file data_4.txt (compact mmCIF, N, CA and C atoms)
# COMPACT_ATOMS: atom_id res chain seq x y z
N MET A 1 5.78 -10.66 -61.89
CA MET A 1 5.70 -10.24 -60.50
C MET A 1 6.39 -11.23 -59.59
N LYS A 2 6.26 -12.54 -59.90
CA LYS A 2 6.91 -13.55 -59.07
C LYS A 2 8.42 -13.38 -59.11
N ARG A 3 8.97 -13.07 -60.28
CA ARG A 3 10.42 -12.88 -60.41
C ARG A 3 10.88 -11.71 -59.55
N ARG A 4 10.14 -10.60 -59.56
CA ARG A 4 10.51 -9.44 -58.75
C ARG A 4 10.46 -9.80 -57.26
N SER A 5 9.45 -10.51 -56.82
CA SER A 5 9.35 -10.92 -55.42
C SER A 5 10.50 -11.84 -55.04
N PHE A 6 10.86 -12.75 -55.94
CA PHE A 6 11.97 -13.66 -55.67
C PHE A 6 13.28 -12.88 -55.53
N ILE A 7 13.51 -11.94 -56.42
CA ILE A 7 14.74 -11.14 -56.38
C ILE A 7 14.76 -10.31 -55.09
N THR A 8 13.65 -9.68 -54.74
CA THR A 8 13.57 -8.89 -53.51
C THR A 8 13.84 -9.76 -52.30
N ALA A 9 13.22 -10.93 -52.24
CA ALA A 9 13.43 -11.84 -51.11
C ALA A 9 14.88 -12.30 -51.04
N THR A 10 15.49 -12.55 -52.19
CA THR A 10 16.89 -12.98 -52.22
C THR A 10 17.81 -11.88 -51.70
N LEU A 11 17.59 -10.64 -52.16
CA LEU A 11 18.41 -9.53 -51.70
C LEU A 11 18.22 -9.28 -50.20
N LEU A 12 16.98 -9.36 -49.73
CA LEU A 12 16.72 -9.18 -48.31
C LEU A 12 17.40 -10.26 -47.49
N SER A 13 17.33 -11.50 -47.94
CA SER A 13 17.99 -12.60 -47.23
C SER A 13 19.50 -12.42 -47.20
N ALA A 14 20.07 -11.99 -48.31
CA ALA A 14 21.52 -11.78 -48.36
C ALA A 14 21.94 -10.66 -47.41
N THR A 15 21.14 -9.59 -47.33
CA THR A 15 21.45 -8.48 -46.43
C THR A 15 21.38 -8.93 -44.98
N VAL A 16 20.32 -9.64 -44.62
CA VAL A 16 20.19 -10.14 -43.24
C VAL A 16 21.34 -11.09 -42.92
N ALA A 17 21.68 -11.97 -43.84
CA ALA A 17 22.79 -12.90 -43.60
C ALA A 17 24.10 -12.16 -43.40
N ALA A 18 24.32 -11.11 -44.19
CA ALA A 18 25.57 -10.35 -44.06
C ALA A 18 25.66 -9.69 -42.70
N PHE A 19 24.56 -9.11 -42.22
CA PHE A 19 24.59 -8.42 -40.94
C PHE A 19 24.60 -9.37 -39.75
N THR A 20 23.98 -10.53 -39.85
CA THR A 20 23.98 -11.45 -38.72
C THR A 20 25.33 -12.12 -38.55
N GLY A 21 26.14 -12.14 -39.58
CA GLY A 21 27.46 -12.76 -39.48
C GLY A 21 28.53 -11.82 -38.95
N VAL A 22 28.19 -10.57 -38.72
CA VAL A 22 29.16 -9.57 -38.28
C VAL A 22 28.70 -9.00 -36.94
N GLN A 23 29.62 -8.89 -36.01
CA GLN A 23 29.31 -8.31 -34.72
C GLN A 23 29.60 -6.81 -34.75
N PHE A 24 28.60 -6.00 -34.49
CA PHE A 24 28.78 -4.57 -34.41
C PHE A 24 28.40 -4.12 -33.01
N ALA A 25 28.91 -2.99 -32.61
CA ALA A 25 28.64 -2.47 -31.27
C ALA A 25 27.18 -2.07 -31.16
N SER A 26 26.64 -2.21 -29.97
CA SER A 26 25.29 -1.73 -29.70
C SER A 26 25.41 -0.46 -28.86
N ALA A 27 24.29 0.20 -28.63
CA ALA A 27 24.31 1.44 -27.86
C ALA A 27 24.81 1.21 -26.44
N HIS A 28 24.80 -0.03 -25.97
CA HIS A 28 25.25 -0.34 -24.61
C HIS A 28 26.75 -0.60 -24.54
N ASP A 29 27.40 -0.69 -25.68
CA ASP A 29 28.82 -1.04 -25.71
C ASP A 29 29.75 0.15 -25.58
N ALA A 30 29.28 1.35 -25.80
CA ALA A 30 30.18 2.50 -25.80
C ALA A 30 29.51 3.70 -25.15
N ASP A 31 30.33 4.51 -24.52
CA ASP A 31 29.83 5.77 -23.97
C ASP A 31 29.85 6.87 -25.01
N PHE A 32 30.71 6.73 -26.03
CA PHE A 32 30.84 7.75 -27.06
C PHE A 32 30.90 7.10 -28.44
N TYR A 33 30.43 7.83 -29.42
CA TYR A 33 30.51 7.42 -30.82
C TYR A 33 31.11 8.57 -31.62
N PHE A 34 31.84 8.22 -32.66
CA PHE A 34 32.39 9.20 -33.59
C PHE A 34 31.71 8.97 -34.93
N VAL A 35 31.19 10.03 -35.51
CA VAL A 35 30.50 9.95 -36.80
C VAL A 35 31.26 10.81 -37.79
N ASP A 36 31.56 10.23 -38.95
CA ASP A 36 32.12 11.07 -40.00
C ASP A 36 31.25 10.97 -41.24
N LEU A 37 30.91 12.13 -41.75
CA LEU A 37 30.18 12.28 -43.00
C LEU A 37 31.20 12.83 -43.99
N LEU A 38 31.63 11.96 -44.88
CA LEU A 38 32.78 12.27 -45.72
C LEU A 38 32.39 12.58 -47.15
N ASN A 39 33.05 13.57 -47.70
CA ASN A 39 32.93 13.89 -49.12
C ASN A 39 34.15 13.29 -49.83
N LEU A 40 33.90 12.64 -50.94
CA LEU A 40 34.99 12.07 -51.74
C LEU A 40 35.55 13.13 -52.68
N GLN A 41 36.84 13.04 -52.94
CA GLN A 41 37.46 13.89 -53.96
C GLN A 41 36.92 13.44 -55.32
N ASP A 42 36.89 14.35 -56.29
CA ASP A 42 36.43 14.02 -57.63
C ASP A 42 37.19 12.80 -58.16
N GLY A 43 36.45 11.86 -58.69
CA GLY A 43 37.04 10.65 -59.27
C GLY A 43 37.29 9.53 -58.28
N LYS A 44 37.13 9.78 -57.00
CA LYS A 44 37.35 8.73 -55.98
C LYS A 44 36.04 8.00 -55.71
N THR A 45 36.15 6.76 -55.25
CA THR A 45 34.98 5.91 -55.06
C THR A 45 34.94 5.31 -53.66
N ALA A 46 33.85 4.66 -53.35
CA ALA A 46 33.73 3.94 -52.08
C ALA A 46 34.78 2.84 -51.99
N ALA A 47 35.17 2.27 -53.11
CA ALA A 47 36.23 1.24 -53.10
C ALA A 47 37.56 1.85 -52.68
N ASP A 48 37.86 3.06 -53.14
CA ASP A 48 39.08 3.75 -52.71
C ASP A 48 39.04 3.98 -51.20
N ALA A 49 37.89 4.42 -50.70
CA ALA A 49 37.73 4.66 -49.27
C ALA A 49 37.91 3.36 -48.49
N ALA A 50 37.35 2.27 -48.98
CA ALA A 50 37.47 0.99 -48.28
C ALA A 50 38.92 0.55 -48.16
N GLN A 51 39.71 0.78 -49.21
CA GLN A 51 41.13 0.44 -49.15
C GLN A 51 41.85 1.27 -48.09
N TYR A 52 41.52 2.54 -48.00
CA TYR A 52 42.11 3.40 -46.98
C TYR A 52 41.73 2.92 -45.58
N PHE A 53 40.45 2.64 -45.36
CA PHE A 53 40.00 2.21 -44.04
C PHE A 53 40.64 0.88 -43.65
N GLU A 54 40.85 0.01 -44.61
CA GLU A 54 41.52 -1.27 -44.32
C GLU A 54 42.93 -1.02 -43.76
N LEU A 55 43.60 0.00 -44.25
CA LEU A 55 44.94 0.33 -43.78
C LEU A 55 44.93 0.96 -42.39
N ILE A 56 43.97 1.83 -42.13
CA ILE A 56 44.03 2.60 -40.88
C ILE A 56 43.25 1.98 -39.72
N GLU A 57 42.30 1.09 -40.00
CA GLU A 57 41.50 0.56 -38.90
C GLU A 57 42.33 -0.11 -37.81
N PRO A 58 43.33 -0.93 -38.12
CA PRO A 58 44.14 -1.50 -37.03
C PRO A 58 44.90 -0.44 -36.23
N ILE A 59 45.29 0.63 -36.90
CA ILE A 59 46.03 1.71 -36.22
C ILE A 59 45.11 2.44 -35.26
N VAL A 60 43.94 2.84 -35.72
CA VAL A 60 43.05 3.61 -34.86
C VAL A 60 42.45 2.75 -33.76
N ALA A 61 42.31 1.46 -34.00
CA ALA A 61 41.78 0.55 -32.97
C ALA A 61 42.71 0.50 -31.76
N LYS A 62 44.01 0.62 -31.99
CA LYS A 62 44.97 0.64 -30.87
C LYS A 62 44.70 1.80 -29.92
N HIS A 63 44.06 2.84 -30.44
CA HIS A 63 43.80 4.04 -29.65
C HIS A 63 42.35 4.12 -29.16
N GLY A 64 41.55 3.09 -29.45
CA GLY A 64 40.19 3.04 -28.93
C GLY A 64 39.10 3.48 -29.90
N LEU A 65 39.38 3.51 -31.20
CA LEU A 65 38.38 3.87 -32.20
C LEU A 65 38.09 2.62 -33.04
N GLU A 66 36.85 2.12 -32.95
CA GLU A 66 36.47 0.91 -33.68
C GLU A 66 35.12 1.11 -34.34
N ARG A 67 34.92 0.44 -35.47
CA ARG A 67 33.65 0.56 -36.19
C ARG A 67 32.48 0.07 -35.35
N ALA A 68 31.39 0.86 -35.36
CA ALA A 68 30.15 0.43 -34.74
C ALA A 68 29.20 -0.13 -35.79
N LEU A 69 29.34 0.34 -37.03
CA LEU A 69 28.52 -0.08 -38.16
C LEU A 69 29.40 -0.17 -39.39
N PRO A 70 28.93 -0.85 -40.42
CA PRO A 70 29.71 -0.84 -41.66
C PRO A 70 29.67 0.56 -42.28
N SER A 71 30.55 0.81 -43.21
CA SER A 71 30.57 2.08 -43.93
C SER A 71 29.37 2.14 -44.87
N PHE A 72 28.77 3.32 -45.00
CA PHE A 72 27.61 3.49 -45.86
C PHE A 72 27.90 4.53 -46.94
N SER A 73 27.41 4.28 -48.15
CA SER A 73 27.39 5.30 -49.20
C SER A 73 26.05 6.00 -49.11
N ILE A 74 26.07 7.31 -49.15
CA ILE A 74 24.83 8.07 -49.10
C ILE A 74 24.29 8.16 -50.53
N THR A 75 23.08 7.67 -50.71
CA THR A 75 22.51 7.58 -52.05
C THR A 75 21.50 8.67 -52.35
N GLN A 76 20.93 9.28 -51.29
CA GLN A 76 19.95 10.34 -51.52
C GLN A 76 19.84 11.22 -50.29
N ARG A 77 19.94 12.51 -50.47
CA ARG A 77 19.72 13.45 -49.38
C ARG A 77 18.23 13.79 -49.38
N MET A 78 17.61 13.58 -48.23
CA MET A 78 16.17 13.79 -48.13
C MET A 78 15.82 15.21 -47.69
N ALA A 79 16.67 15.81 -46.85
CA ALA A 79 16.40 17.17 -46.37
C ALA A 79 17.69 17.74 -45.81
N GLY A 80 17.73 19.05 -45.65
CA GLY A 80 18.88 19.70 -45.05
C GLY A 80 19.93 20.12 -46.05
N ASP A 81 20.91 20.85 -45.53
CA ASP A 81 21.96 21.41 -46.37
C ASP A 81 23.23 20.57 -46.40
N LEU A 82 23.36 19.64 -45.47
CA LEU A 82 24.56 18.83 -45.38
C LEU A 82 24.65 17.90 -46.58
N ASP A 83 25.80 17.91 -47.24
CA ASP A 83 26.01 17.07 -48.41
C ASP A 83 27.22 16.20 -48.14
N ALA A 84 27.08 14.89 -48.28
CA ALA A 84 28.20 13.97 -48.06
C ALA A 84 28.04 12.76 -48.95
N ASP A 85 29.14 12.04 -49.17
CA ASP A 85 29.12 10.83 -49.98
C ASP A 85 29.08 9.56 -49.15
N MET A 86 29.66 9.62 -47.94
CA MET A 86 29.77 8.43 -47.11
C MET A 86 29.49 8.76 -45.66
N LEU A 87 29.05 7.74 -44.91
CA LEU A 87 28.84 7.87 -43.48
C LEU A 87 29.52 6.70 -42.78
N ASN A 88 30.25 7.00 -41.70
CA ASN A 88 30.88 5.99 -40.87
C ASN A 88 30.52 6.27 -39.42
N VAL A 89 30.27 5.22 -38.65
CA VAL A 89 29.99 5.34 -37.23
C VAL A 89 30.97 4.44 -36.50
N TRP A 90 31.66 5.02 -35.52
CA TRP A 90 32.70 4.33 -34.77
C TRP A 90 32.40 4.43 -33.27
N THR A 91 32.85 3.46 -32.48
CA THR A 91 32.82 3.60 -31.03
C THR A 91 34.13 4.25 -30.60
N VAL A 92 34.04 5.01 -29.51
CA VAL A 92 35.20 5.72 -28.98
C VAL A 92 35.26 5.48 -27.49
N THR A 93 36.40 5.04 -26.99
CA THR A 93 36.52 4.79 -25.55
C THR A 93 36.67 6.07 -24.75
N ASP A 94 37.49 6.97 -25.23
CA ASP A 94 37.79 8.24 -24.54
C ASP A 94 38.11 9.25 -25.64
N PRO A 95 37.16 10.12 -26.00
CA PRO A 95 37.39 10.99 -27.15
C PRO A 95 38.72 11.74 -27.15
N LYS A 96 39.06 12.41 -26.07
CA LYS A 96 40.31 13.18 -26.06
C LYS A 96 41.52 12.27 -26.21
N GLY A 97 41.60 11.24 -25.38
CA GLY A 97 42.74 10.32 -25.43
C GLY A 97 42.83 9.58 -26.75
N THR A 98 41.67 9.16 -27.26
CA THR A 98 41.65 8.43 -28.53
C THR A 98 42.20 9.27 -29.66
N PHE A 99 41.67 10.48 -29.83
CA PHE A 99 42.09 11.30 -30.96
C PHE A 99 43.47 11.90 -30.76
N ASP A 100 43.86 12.21 -29.53
CA ASP A 100 45.24 12.63 -29.29
C ASP A 100 46.20 11.52 -29.71
N GLY A 101 45.86 10.30 -29.34
CA GLY A 101 46.70 9.15 -29.70
C GLY A 101 46.78 8.93 -31.20
N ILE A 102 45.64 9.01 -31.87
CA ILE A 102 45.61 8.80 -33.32
C ILE A 102 46.42 9.87 -34.04
N PHE A 103 46.17 11.13 -33.69
CA PHE A 103 46.79 12.22 -34.44
C PHE A 103 48.29 12.39 -34.16
N THR A 104 48.81 11.70 -33.14
CA THR A 104 50.25 11.73 -32.89
C THR A 104 50.93 10.42 -33.27
N ASP A 105 50.16 9.47 -33.78
CA ASP A 105 50.69 8.16 -34.16
C ASP A 105 51.36 8.27 -35.53
N ASP A 106 52.65 7.95 -35.61
CA ASP A 106 53.38 8.06 -36.87
C ASP A 106 52.80 7.16 -37.96
N ALA A 107 52.31 5.98 -37.57
CA ALA A 107 51.72 5.08 -38.57
C ALA A 107 50.46 5.71 -39.17
N TYR A 108 49.64 6.37 -38.33
CA TYR A 108 48.46 7.06 -38.86
C TYR A 108 48.88 8.25 -39.73
N LYS A 109 49.81 9.04 -39.24
CA LYS A 109 50.24 10.23 -39.97
C LYS A 109 50.81 9.87 -41.35
N ALA A 110 51.38 8.69 -41.48
CA ALA A 110 51.92 8.26 -42.77
C ALA A 110 50.82 8.09 -43.82
N HIS A 111 49.59 7.89 -43.38
CA HIS A 111 48.47 7.69 -44.31
C HIS A 111 47.67 8.97 -44.58
N ILE A 112 48.04 10.07 -43.97
CA ILE A 112 47.30 11.32 -44.18
C ILE A 112 47.31 11.78 -45.64
N PRO A 113 48.43 11.69 -46.37
CA PRO A 113 48.37 12.08 -47.78
C PRO A 113 47.37 11.21 -48.59
N LEU A 114 47.33 9.91 -48.29
CA LEU A 114 46.36 9.05 -48.96
C LEU A 114 44.94 9.46 -48.58
N ARG A 115 44.70 9.69 -47.28
CA ARG A 115 43.38 10.14 -46.81
C ARG A 115 42.95 11.39 -47.56
N ASN A 116 43.84 12.36 -47.64
CA ASN A 116 43.50 13.63 -48.28
C ASN A 116 43.32 13.51 -49.79
N SER A 117 43.93 12.50 -50.40
CA SER A 117 43.72 12.28 -51.83
C SER A 117 42.37 11.62 -52.11
N ILE A 118 41.79 10.97 -51.12
CA ILE A 118 40.50 10.29 -51.28
C ILE A 118 39.34 11.16 -50.80
N PHE A 119 39.53 11.81 -49.65
CA PHE A 119 38.44 12.56 -49.02
C PHE A 119 38.67 14.07 -49.10
N ASP A 120 37.61 14.80 -49.31
CA ASP A 120 37.63 16.26 -49.27
C ASP A 120 37.42 16.66 -47.81
N MET A 121 38.49 16.63 -47.04
CA MET A 121 38.40 16.82 -45.60
C MET A 121 37.82 18.18 -45.19
N PRO A 122 38.19 19.30 -45.83
CA PRO A 122 37.62 20.58 -45.40
C PRO A 122 36.09 20.65 -45.56
N ASN A 123 35.54 19.85 -46.45
CA ASN A 123 34.10 19.88 -46.67
C ASN A 123 33.39 18.66 -46.09
N SER A 124 34.07 17.91 -45.26
CA SER A 124 33.47 16.77 -44.56
C SER A 124 33.06 17.22 -43.17
N THR A 125 32.18 16.45 -42.54
CA THR A 125 31.67 16.78 -41.22
C THR A 125 31.96 15.61 -40.28
N MET A 126 32.48 15.93 -39.10
CA MET A 126 32.79 14.89 -38.11
C MET A 126 32.38 15.37 -36.74
N PHE A 127 31.89 14.46 -35.92
CA PHE A 127 31.51 14.82 -34.56
C PHE A 127 31.52 13.61 -33.65
N VAL A 128 31.66 13.86 -32.35
CA VAL A 128 31.55 12.85 -31.31
C VAL A 128 30.17 13.01 -30.68
N MET A 129 29.54 11.90 -30.36
CA MET A 129 28.23 11.96 -29.72
C MET A 129 28.14 10.91 -28.63
N ALA A 130 27.22 11.12 -27.69
CA ALA A 130 26.97 10.19 -26.60
C ALA A 130 25.49 9.86 -26.58
N PRO A 131 25.14 8.60 -26.25
CA PRO A 131 23.72 8.25 -26.16
C PRO A 131 23.05 9.02 -25.04
N ASN A 132 21.81 9.41 -25.24
CA ASN A 132 21.01 10.02 -24.17
C ASN A 132 20.65 8.92 -23.18
N LYS A 133 20.81 9.23 -21.92
CA LYS A 133 20.52 8.20 -20.90
C LYS A 133 19.35 8.62 -20.05
call {"tool": "encode", "arguments": {"input": "data_4.txt", "output": "structure tokens"}}
result
Amino acid sequence: MKRRSFITATLLSATVAAFTGVQFASAHDADFYFVDLLNLQDGKTAADAAQYFELIEPIVAKHGLERALPSFSITQRMAGDLDADMLNVWTVTDPKGTFDGIFTDDAYKAHIPLRNSIFDMPNSTMFVMAPNK
């Protein structure tokens, strides 16, 4: 039992240390958030997704889309019909301007074939949301 408690405490400490060393947006930092619930193509992994996001994050940041939280792998669906493999939460400065800018950016468009090879876009869910005030 002591070994299990030690391992649990070690994992908890590592998780807290990882999050305290990274600055993420709070609800007060943005008027809008973009959430994507992504399905991976067969054979693709969270590591493949991470490589894609590493390529596109600087591009989308130029247009006002930045991570609010780290990327998450969904490990268990508790209720509902929505099925996804990953969840991402981003801050958005101006939804229309941000996405118009991203979708017309040649650097972003160059990565669309890679995006589509990793993510099952037609079966993924994406939305913009605003905090209730």
call {"tool": "closest_residue", "arguments": {"input": "data_4.txt", "among": "A:Asp106, A:Glu66, A:Asp42, A:Asp120", "to": "Val89 in chain A", "atoms": "all atoms listed in the file"}}
result
A:Glu66
call {"tool": "atom_distance", "arguments": {"input": "data_4.txt", "atom1": "atom C of Thr75 in chain A", "atom2": "CA of Leu114 in chain A"}}
result
25.1 Å
call {"tool": "atom_distance", "arguments": {"input": "data_4.txt", "atom1": "atom C of Ile112 in chain A", "atom2": "atom C of Leu87 in chain A"}}
result
18.7 Å
call {"tool": "residues_around", "arguments": {"input": "data_4.txt", "residues": "Ala107 in chain A", "least_positions_apart": "3", "cutoff": "8 Å", "atoms": "all atoms listed in the file", "output": "ChimeraX atom specification"}}
result
/A:55-56,59-60,102,104,110-112
call {"tool": "atom_distance", "arguments": {"input": "data_4.txt", "atom1": "atom C of Ser117 in chain A", "atom2": "atom C of Asp85 in chain A"}}
result
13.8 Å
call {"tool": "closest_residue", "arguments": {"input": "data_4.txt", "among": "A:Leu65, A:Ala30, A:Ala84, A:Val35", "to": "Thr98 in chain A", "atoms": "only N, CA and C atoms"}}
result
A:Leu65
call {"tool": "closest_residue", "arguments": {"input": "data_4.txt", "among": "A:Tyr33, A:Trp90, A:Phe119, A:Phe127", "to": "Arg67 in chain A", "atoms": "all atoms listed in the file"}}
result
A:Trp90
